[in-house]
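Structure first, then comments.
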Amino acid sequence: MRWGLIPYSARGNPGEQPLIHAPFVGLVNSHLYRGPWINGQRCLQLATSYQYWTEDDQGRRSRWQVRARHQEVFGLAALWDRSQPDHGAMIESCALVTLPDGMPVILGPADQAAWLTGTADEAAAVLVPLPEEDLHVTPM
């Protein structure tokens with residue numbers, strides 16, 4: 001699957017800014033994510049860690065590495081879609097679901113089935129931050 005969601009309606013055109021994050025607050029309301037959300041096009045993006053940037057009051061940026069403390073490989077909540085250019089092959093693509101603070105949603109093993117096969121309400125219920133004690137965050 002291609003990284004960066006290309007909505008069905010885009011007809012295969014990825015646009016200038018890749019849609020790598022699907023904000024939780026926009027899943028139902030945004031035309032970009034509503035189709036995959038309503039159609040249950042949910043998937044897991046497997047990872048061992050991810051990087052996160054922060055900025056302090058003086059504008060200095062810091063990069064952090066985030067790992068799940070009790071899972072060597074973990075699943076991040078993601079949405080996928082298919083888009084077909086006028087001339088060309090079907091493109092399947094995905095984007096990570098992010099919380100209001102911009103962090104991707106790490107799903108614990110017990111929440112993965114609800115995300116993948118549950119109703120929209122069941123899937124929405126697992127879109128919560130992993131408790132801080134279950135994260136290992138280190139500067140890079």
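Every chain in the structure tokens takes a letter, A first, then B, and so on in the order presented; its residues are numbered from 1, and the ligands are numbered from 1 following the presented order.
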
TODO: Based on DSSP run over this structure's backbone, return all residues of chain A in helix (DSSP H, G or I), as a ChimeraX atom specification.
DONE: /A:8-10,24-26,34-38,109-117,120-125,132-134

Open item on the list: Write out as JSON, numbers by chain the set of residues from chain A that DSSP, computed on the backbone, places in strand (DSSP E or B).
Closed with: {"A": [2, 3, 5, 19, 21, 22, 23, 42, 43, 44, 45, 46, 47, 50, 51, 52, 53, 54, 55, 61, 62, 63, 64, 65, 66, 67, 68, 74, 75, 76, 77, 78, 79, 80, 81, 82, 83, 91, 92, 93, 94, 95, 96, 97, 98, 104, 106, 107, 135, 136, 137, 138, 139]}

Can you check which parts of segment 34-71 of chain A lie within 10 Å of segment 117-137 of chain A? Per residue, the shortest pair of atoms and distance in Å to one decimal, counting only C-alpha atoms, sorted by chain and number, as JSON lines.
{"residue": "A:Trp37", "atom": "CA", "partner": "A:Ala120", "partner_atom": "CA", "distance": 7.5}
{"residue": "A:Ile38", "atom": "CA", "partner": "A:Ala120", "partner_atom": "CA", "distance": 7.2}
{"residue": "A:Asn39", "atom": "CA", "partner": "A:Ala120", "partner_atom": "CA", "distance": 9.0}
{"residue": "A:Gly40", "atom": "CA", "partner": "A:Ala120", "partner_atom": "CA", "distance": 7.2}
{"residue": "A:Gln41", "atom": "CA", "partner": "A:Thr117", "partner_atom": "CA", "distance": 9.4}
{"residue": "A:Arg42", "atom": "CA", "partner": "A:Thr117", "partner_atom": "CA", "distance": 8.2}
{"residue": "A:Cys43", "atom": "CA", "partner": "A:Thr117", "partner_atom": "CA", "distance": 9.4}
{"residue": "A:Ser49", "atom": "CA", "partner": "A:His136", "partner_atom": "CA", "distance": 9.4}
{"residue": "A:Tyr50", "atom": "CA", "partner": "A:Val137", "partner_atom": "CA", "distance": 9.8}
{"residue": "A:Gln51", "atom": "CA", "partner": "A:Val137", "partner_atom": "CA", "distance": 9.4}
{"residue": "A:Tyr52", "atom": "CA", "partner": "A:Val137", "partner_atom": "CA", "distance": 9.5}
{"residue": "A:Trp64", "atom": "CA", "partner": "A:Val137", "partner_atom": "CA", "distance": 6.5}
{"residue": "A:Gln65", "atom": "CA", "partner": "A:Val137", "partner_atom": "CA", "distance": 5.6}
{"residue": "A:Val66", "atom": "CA", "partner": "A:Val137", "partner_atom": "CA", "distance": 4.6}
{"residue": "A:Arg67", "atom": "CA", "partner": "A:His136", "partner_atom": "CA", "distance": 5.1}
{"residue": "A:Ala68", "atom": "CA", "partner": "A:Leu135", "partner_atom": "CA", "distance": 4.7}
{"residue": "A:Arg69", "atom": "CA", "partner": "A:Asp134", "partner_atom": "CA", "distance": 5.0}
{"residue": "A:His70", "atom": "CA", "partner": "A:Asp134", "partner_atom": "CA", "distance": 6.7}
{"residue": "A:Gln71", "atom": "CA", "partner": "A:Asp134", "partner_atom": "CA", "distance": 9.1}

Would you save the residues of that selection, restricted to N, CA and C atoms, as a short mmCIF file (atom, residue, chain, number, x, y, z; two decimals), in the first residue's frame?
data_model
loop_
_atom_site.label_atom_id
_atom_site.label_comp_id
_atom_site.auth_asym_id
_atom_site.auth_seq_id
_atom_site.Cartn_x
_atom_site.Cartn_y
_atom_site.Cartn_z
N TRP A 37 -13.84 5.88 6.46
CA TRP A 37 -14.36 5.68 7.81
C TRP A 37 -15.72 4.98 7.77
N ILE A 38 -16.64 5.50 6.98
CA ILE A 38 -17.98 4.92 6.91
C ILE A 38 -17.94 3.50 6.36
N ASN A 39 -17.06 3.25 5.38
CA ASN A 39 -16.98 1.92 4.77
C ASN A 39 -16.14 0.93 5.56
N GLY A 40 -15.63 1.33 6.71
CA GLY A 40 -14.84 0.43 7.55
C GLY A 40 -13.51 0.04 6.94
N GLN A 41 -12.92 0.94 6.16
CA GLN A 41 -11.64 0.67 5.51
C GLN A 41 -10.52 1.02 6.49
N ARG A 42 -10.47 0.22 7.55
CA ARG A 42 -9.50 0.43 8.62
C ARG A 42 -8.43 -0.65 8.52
N CYS A 43 -7.20 -0.27 8.84
CA CYS A 43 -6.10 -1.22 8.80
C CYS A 43 -5.11 -0.88 9.90
N SER A 49 8.73 1.61 16.02
CA SER A 49 8.81 2.94 16.64
C SER A 49 8.32 3.95 15.62
N TYR A 50 8.15 5.18 16.09
CA TYR A 50 7.92 6.29 15.16
C TYR A 50 8.60 7.52 15.74
N GLN A 51 8.78 8.52 14.88
CA GLN A 51 9.44 9.75 15.29
C GLN A 51 8.40 10.86 15.44
N TYR A 52 8.64 11.71 16.41
CA TYR A 52 7.72 12.80 16.69
C TYR A 52 8.54 14.07 16.93
N TRP A 64 11.96 13.15 18.67
CA TRP A 64 11.83 12.10 19.67
C TRP A 64 11.49 10.77 19.00
N GLN A 65 11.94 9.70 19.58
CA GLN A 65 11.58 8.36 19.11
C GLN A 65 10.61 7.77 20.14
N VAL A 66 9.49 7.26 19.64
CA VAL A 66 8.46 6.70 20.51
C VAL A 66 8.35 5.20 20.23
N ARG A 67 8.38 4.43 21.30
CA ARG A 67 8.20 2.97 21.23
C ARG A 67 7.13 2.57 22.23
N ALA A 68 6.48 1.45 21.96
CA ALA A 68 5.55 0.87 22.92
C ALA A 68 6.39 0.00 23.87
N ARG A 69 6.27 0.26 25.16
CA ARG A 69 7.12 -0.41 26.14
C ARG A 69 6.94 -1.93 26.16
N HIS A 70 5.74 -2.42 25.94
CA HIS A 70 5.46 -3.85 26.10
C HIS A 70 5.18 -4.57 24.77
N GLN A 71 5.45 -3.90 23.65
CA GLN A 71 5.23 -4.51 22.34
C GLN A 71 6.40 -4.15 21.43
#

Open item on the list: I want to know what sits within 7 Å of Ala47 of chain A, based on only C-alpha atoms, with residues of the same chain fewer than 4 positions away left out; could you give that as JSON, numbers by chain?
Closed with: {"A": [73, 74, 75]}

- [ ] Have a look at atom CA of Pro18 of chain A and atom CA of Tyr33 of chain A and let me know their distance in Å, one decimal.
- [x]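 Separation between atom CA of Pro18 of chain A and atom CA of Tyr33 of chain A: 13.3 Å.
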